[in-house]
Amino acid sequence: MTLTLTVPPRTDADRLTGLPVAVIGAGPVGLAAAAHLLERGLDVVVYEAGPTVGTSVRAWGHTRLFSPWQYVIDPAAQRLLEATGWEAPRAASLPTGQDLVDTYLAPLAATPQLAPVIRYGTRVEAVSRQGMDRTRSTGRADTPFLLRLHTADGVTDITARAVVDTSGTYTSPNPLTAAGLAPAADLGDRVVHALPDVLGADRARFSGKRVLVVGAGHSAANTLIKLASLAKTAPGTEVLWAVRNAGTARLGADAADGLAARGQLGSTVHGLVESGQLQQIASYEIDDVRADGDQVTVTGRRAGEPFAVTVDVIVNATGFRPDLDMLREIRLGLDDIVEAPRALAPLIDPNLHSCGSVPPHGVAELAHPEPNFFIAGMKSYGRAPTFLLLTGYEQVRSIAAELAGDHTAARQLELVLPETGVCSTDIGGSSCCTTPPATATPAAEDAACCTPLDSATGNTSCCTN
Ligand SMILES: Cc1cc2nc3c(=O)[nH]c(=O)nc-3n(C[C@H](O)[C@H](O)[C@H](O)COP(=O)(O)OP(=O)(O)OC[C@H]3O[C@@H](n4cnc5c(N)ncnc54)[C@H](O)[C@@H]3O)c2cc1C
């Protein structure tokens with residue numbers, strides 16, 4: 001139902017004149033959005049909650065990407081960088097998250113065009129329309145957006161003509177329980193965020209401990225391999241692995257995986273299970289997690305029977321979900337299941353696309369009932385785990401063209417993506433990548449899937465969950 005005001009507010013389009021486009025988040029896609037908007041001659045301001053550029057990427061900075069440099073640099077960003085004398089890294093080499101920040105994001109944020117428009121330490125708490133909650137319709141498109149900002153100095157409201165939300169999902173992990181709810185009790189540091197630096201900064205947290213990794217994706221695999229490596233030198237380290245389903249086909253079908261690199265990641269983890277270095281707890285539905293002295297006890301069901309396990313620390317590698325709270329006053333058109341824009345969801349729903357084979361897409365798929373409001377980047381995929389930076393860069397190219405009034409360019413998709421995706425699901429018990437599509441090139445497959453395990457360091461690349 002739509003409510004209409006009897007006395008409509010001001011509706012003159014002039015209210016938007018001179019206002020910038022607000023970009024939420026200075027991650028790779030937020031910065032790319034700013035670069036495309038500036039190239040189109042639009043004013044932009046980027047609000048970043050963290051103290052620096054790429055705050056979320058830094059958090060998993062020790063992890064190597066599965067995409068080489070040639071697939072993680074946005075073209076408009078590259079044009080800004082090259083004007084400063086910057087040279088692109090070797091196209092085929094694989095950066096870590098920290099390399100991505102140091103070699104690409106930090107220099108990009110320091111360019112004379114971007115440096116003045118990024119506001120660090122500024123969390124966007126809420127987005128609305130000036131004087132209009134979500135129930136008001138008349139003149140909505142001509143009414144400035146209102147963003148509530150939280151900084152060290154307090155709370156301020158600012159206005160914008162359009163909003164691009166590229167705030168990612170890294171800071172909102174899925175909860176541990178099968179019901180999708182947070183455990184009832186506060187567990188403190190007994191539960192660790194996905195992708196801890198097991199062999200580096202976080203080593204002491206895991207050395208000699210009984211550790212439970214929860215999750216069936218590549219983040220879980222990455223952590224499990226590093227924990228198994230740690231266990232060789234840190235006596236008493238015990239590694240358990242809980243997965244909700246009977247199998248772990250998301251980690252590839254071992255030797256049957258047509259993508260050798262990902263198959264190696266999967267077969268390494270399965271080999272660790274077979275050799276007893278990891279204890280797998282399959283078909284485990286977690287109902288609750290409670291503190292138990294210094295330890296933590298997980299309770300749930302296996303094959304309908306009660307099952308409990310007590311450990312020192314849990315790594316939550318169950319994936320991520322979008323934080324939609326700050327968009328409460330915005331009219332969103334989200335899919336019921338994936339929480340991605342409705343037209344995009346069928347293209348990425350992990351229940352339907354076991355390999356994340358996502359066609360390039362732009363404003364047509366990203367539009368919401370709210371005019372001039374877009375969610376892009378990792379957050380646009382909602383709960384689907386298959387986002388690729390290249391896809392995000394094409395999204396923001398299209399959005400910038402649309403906001404500049406170039407509706408034709410906005411709908412002319414310029415990106416040719418690999419047909420293979422990033423991860424697979426347990427649907428059907430196998431990975432669709434076991435039979436790579438005829439059109440996918442080896443380079444495209446490499447970019448889309450995981451890279452070989454470095455047996456010396458335990459380093460692998462990894463997918464988003
Ligand atoms: C371990 C790992 C490996 C990956 N490897 C690859 C790969 O090889 N290839 C690939 O294509 N993709 C990869 N991805 C997926 C994806 O490309 C990355 O997650 C990427 O960082 C997403 O970029 P983003 O800009 O959308 O979001 P993010 O990088 O998450 O950036 C979002 C930014 O928004 C800020 N923010 C959050 N909330 C607010 C707020 N309310 N107000 C203001 N700022 C806010 C955050 O601090 C952050 O800086 C990987 C992901 C992970 C986790």
# chains A, B, ... in the order shown; residues from 1 in each chain; ligands from 1
>>> select_by_dssp(residues="region 100-134 of chain A", states="strand (DSSP E)", output="PDB file with N, CA and C atoms, in the first residue's frame")
ATOM      1  N   ILE A 118      36.959  12.027   0.032  1.00  0.00           N
ATOM      2  CA  ILE A 118      36.747  10.870   0.923  1.00  0.00           C
ATOM      3  C   ILE A 118      36.748  11.353   2.375  1.00  0.00           C
ATOM      4  N   ARG A 119      35.701  10.968   3.114  1.00  0.00           N
ATOM      5  CA  ARG A 119      35.601  11.320   4.549  1.00  0.00           C
ATOM      6  C   ARG A 119      35.782  10.048   5.360  1.00  0.00           C
ATOM      7  N   ARG A 123      30.774   6.955   9.708  1.00  0.00           N
ATOM      8  CA  ARG A 123      29.848   5.836   9.483  1.00  0.00           C
ATOM      9  C   ARG A 123      28.478   6.374   9.091  1.00  0.00           C
ATOM     10  N   VAL A 124      27.930   5.868   8.002  1.00  0.00           N
ATOM     11  CA  VAL A 124      26.555   6.220   7.631  1.00  0.00           C
ATOM     12  C   VAL A 124      25.633   5.356   8.486  1.00  0.00           C
ATOM     13  N   GLU A 125      24.859   5.997   9.332  1.00  0.00           N
ATOM     14  CA  GLU A 125      23.988   5.245  10.244  1.00  0.00           C
ATOM     15  C   GLU A 125      22.615   5.007   9.637  1.00  0.00           C
ATOM     16  N   ALA A 126      22.160   5.941   8.788  1.00  0.00           N
ATOM     17  CA  ALA A 126      20.813   5.816   8.215  1.00  0.00           C
ATOM     18  C   ALA A 126      20.719   6.634   6.937  1.00  0.00           C
ATOM     19  N   VAL A 127      19.855   6.163   6.038  1.00  0.00           N
ATOM     20  CA  VAL A 127      19.589   6.887   4.793  1.00  0.00           C
ATOM     21  C   VAL A 127      18.077   7.087   4.699  1.00  0.00           C
ATOM     22  N   SER A 128      17.672   8.315   4.363  1.00  0.00           N
ATOM     23  CA  SER A 128      16.251   8.603   4.188  1.00  0.00           C
ATOM     24  C   SER A 128      16.119   9.693   3.121  1.00  0.00           C
ATOM     25  N   ARG A 129      14.939  10.303   3.013  1.00  0.00           N
ATOM     26  CA  ARG A 129      14.742  11.484   2.164  1.00  0.00           C
ATOM     27  C   ARG A 129      14.438  12.655   3.082  1.00  0.00           C
TER      28      ARG A 129
END
>>> closest_atom_pairs(of="region 157-177 of chain A", to="region 136-152 of chain A", cutoff="12 Å", atoms="only C-alpha atoms", output="CSV")
residue,atom,partner,partner_atom,distance
A:Asp157,CA,A:Arg148,CA,4.5
A:Ile158,CA,A:Leu147,CA,5.3
A:Thr159,CA,A:Leu146,CA,4.6
A:Ala160,CA,A:Phe145,CA,5.1
A:Arg161,CA,A:Pro144,CA,5.3
A:Ala162,CA,A:Phe145,CA,6.6
A:Val163,CA,A:Phe145,CA,7.5
A:Val164,CA,A:Phe145,CA,11.2
A:Asp165,CA,A:Leu147,CA,11.4
>>> residues_around(residues="Arg244 (chain A)", least_positions_apart="2", cutoff="6 Å", atoms="only C-alpha atoms", output="PyMOL selection string")
chain A and resi 283-285
>>> write_last_selection(atoms="N, CA and C atoms", output="mmCIF file, in the first residue's frame")
data_model
loop_
_atom_site.group_PDB
_atom_site.id
_atom_site.type_symbol
_atom_site.label_atom_id
_atom_site.label_comp_id
_atom_site.auth_asym_id
_atom_site.auth_seq_id
_atom_site.Cartn_x
_atom_site.Cartn_y
_atom_site.Cartn_z
ATOM 1 N N SER A 283 26.631 -32.854 8.656
ATOM 2 C CA SER A 283 25.197 -32.896 8.967
ATOM 3 C C SER A 283 24.906 -32.363 10.367
ATOM 4 N N TYR A 284 25.647 -31.347 10.754
ATOM 5 C CA TYR A 284 25.503 -30.807 12.116
ATOM 6 C C TYR A 284 24.692 -29.509 12.050
ATOM 7 N N GLU A 285 23.512 -29.528 12.627
ATOM 8 C CA GLU A 285 22.677 -28.328 12.685
ATOM 9 C C GLU A 285 22.835 -27.718 14.079
#
>>> closest_residue(among="A:Ala179, A:Ile348, A:Ala201, A:Val315", to="Leu240 (chain A)", atoms="only C-alpha atoms")
A:Val315
>>> closest_residue(among="A:Gly319, A:Pro385, A:Gly377, A:Gly208", to="ligand 1", atoms="only C-alpha atoms and all ligand atoms")
A:Gly377
>>> residues_around(residues="Ala384 (chain A)", least_positions_apart="3", cutoff="9 Å", atoms="only C-alpha atoms", output="list in words")
Gly319, Phe320, Arg321, Val338, Glu339, Ala340, Ala345, Ile348, Asp349, Pro350, Gly356, Tyr381 and Phe387 of chain A
>>> write_last_selection(atoms="N, CA and C atoms", output="CSV table (one decimal), in the first residue's frame")
chain,number,residue,atom,x,y,z
A,319,GLY,N,29.7,-17.4,6.2
A,319,GLY,CA,29.3,-16.4,5.1
A,319,GLY,C,28.8,-15.1,5.7
A,320,PHE,N,28.3,-14.3,4.8
A,320,PHE,CA,28.0,-12.9,5.2
A,320,PHE,C,26.6,-12.6,4.7
A,321,ARG,N,26.0,-11.5,5.3
A,321,ARG,CA,24.7,-11.1,4.9
A,321,ARG,C,24.7,-9.5,4.9
A,338,VAL,N,17.5,-14.2,-1.3
A,338,VAL,CA,18.9,-13.8,-1.4
A,338,VAL,C,19.1,-12.4,-0.8
A,339,GLU,N,18.1,-11.6,-0.7
A,339,GLU,CA,18.3,-10.2,-0.2
A,339,GLU,C,19.2,-9.4,-1.2
A,340,ALA,N,19.0,-9.7,-2.5
A,340,ALA,CA,19.7,-9.0,-3.5
A,340,ALA,C,18.6,-8.3,-4.3
A,345,ALA,N,18.7,-11.1,-8.3
A,345,ALA,CA,18.7,-12.3,-7.5
A,345,ALA,C,18.6,-13.6,-8.3
A,348,ILE,N,22.0,-14.9,-9.5
A,348,ILE,CA,23.0,-15.2,-8.5
A,348,ILE,C,22.6,-16.1,-7.4
A,349,ASP,N,21.3,-16.5,-7.3
A,349,ASP,CA,20.8,-17.3,-6.2
A,349,ASP,C,21.6,-18.6,-6.1
A,350,PRO,N,22.3,-18.8,-5.0
A,350,PRO,CA,23.1,-20.0,-4.9
A,350,PRO,C,22.3,-21.3,-5.0
A,356,GLY,N,27.7,-19.9,-9.6
A,356,GLY,CA,27.8,-18.4,-9.6
A,356,GLY,C,28.0,-17.9,-11.0
A,381,TYR,N,25.0,-8.4,-3.8
A,381,TYR,CA,24.7,-9.8,-3.9
A,381,TYR,C,23.9,-10.4,-2.7
A,387,PHE,N,30.3,-13.0,-5.5
A,387,PHE,CA,30.6,-11.7,-6.0
A,387,PHE,C,32.0,-11.6,-6.5
>>> residues_around(residues="region 79-94 of chain A", least_positions_apart="3", cutoff="7 Å", atoms="only C-alpha atoms", output="PDB file with C-alpha atoms, in the first residue's frame")
ATOM      1  CA  ARG A  64      45.602 -14.150  -1.193  1.00  0.00           C
ATOM      2  CA  LEU A  65      42.937 -13.308  -3.766  1.00  0.00           C
ATOM      3  CA  PHE A  66      41.970 -15.908  -6.336  1.00  0.00           C
ATOM      4  CA  SER A  67      41.810 -13.257  -9.087  1.00  0.00           C
ATOM      5  CA  PRO A  68      45.035 -11.928 -10.606  1.00  0.00           C
ATOM      6  CA  TRP A  69      45.697  -8.192 -10.825  1.00  0.00           C
ATOM      7  CA  GLN A  70      44.223  -7.938 -14.323  1.00  0.00           C
ATOM      8  CA  PRO A  75      39.262   0.921 -15.671  1.00  0.00           C
ATOM      9  CA  ALA A  76      38.210   4.432 -14.530  1.00  0.00           C
ATOM     10  CA  LEU A 108      43.925   5.588  -5.782  1.00  0.00           C
ATOM     11  CA  THR A 111      44.954  10.881  -6.257  1.00  0.00           C
TER      12      THR A 111
END
>>> select_by_dssp(residues="region 267-370 of chain A", states="alpha helix (DSSP H)", output="VMD selection string")
chain A and resid 267 to 274 345 to 348 363 to 366
>>> closest_residue(among="A:Leu100, A:Ala409, A:Val213, A:Ile330", to="Gln130 (chain A)", atoms="only C-alpha atoms")
A:Ile330
>>> residues_around(residues="Thr223 (chain A)", least_positions_apart="3", cutoff="9 Å", atoms="only C-alpha atoms", output="PDB file with C-alpha atoms, in the first residue's frame")
ATOM      1  CA  ALA A 194      36.077 -15.607   9.355  1.00  0.00           C
ATOM      2  CA  LEU A 195      39.616 -15.695   7.959  1.00  0.00           C
ATOM      3  CA  PRO A 196      41.752 -15.094  11.050  1.00  0.00           C
ATOM      4  CA  ASP A 197      45.508 -14.766  10.454  1.00  0.00           C
ATOM      5  CA  VAL A 198      46.172 -18.230  11.908  1.00  0.00           C
ATOM      6  CA  VAL A 213      35.632 -24.091  12.192  1.00  0.00           C
ATOM      7  CA  HIS A 218      36.405 -21.619   0.770  1.00  0.00           C
ATOM      8  CA  SER A 219      36.952 -19.297   3.739  1.00  0.00           C
ATOM      9  CA  ALA A 220      36.473 -22.329   5.973  1.00  0.00           C
ATOM     10  CA  LYS A 226      46.276 -23.108   7.992  1.00  0.00           C
ATOM     11  CA  LEU A 227      45.128 -24.638  11.294  1.00  0.00           C
ATOM     12  CA  ALA A 228      46.333 -28.064  10.172  1.00  0.00           C
ATOM     13  CA  VAL A 315      35.907 -19.658  13.729  1.00  0.00           C
ATOM     14  CA  ALA A 317      33.085 -19.056   8.419  1.00  0.00           C
TER      15      ALA A 317
END
>>> residues_around(residues="Ile281 (chain A)", least_positions_apart="4", cutoff="7 Å", atoms="only C-alpha atoms", output="list of chain:residue names")
A:Trp241, A:Ala242, A:Val243
>>> atom_distance(atom1="atom 18 (C, counted along the ligand's line) of ligand 1", atom2="CA of His62 (chain A)")
13.5 Å
>>> atom_distance(atom1="atom 39 (C, counted along the ligand's line) of ligand 1", atom2="CA of Val57 (chain A)")
12.9 Å
>>> atom_distance(atom1="atom 16 (C, counted along the ligand's line) of ligand 1", atom2="CA of Leu388 (chain A)")
5.6 Å
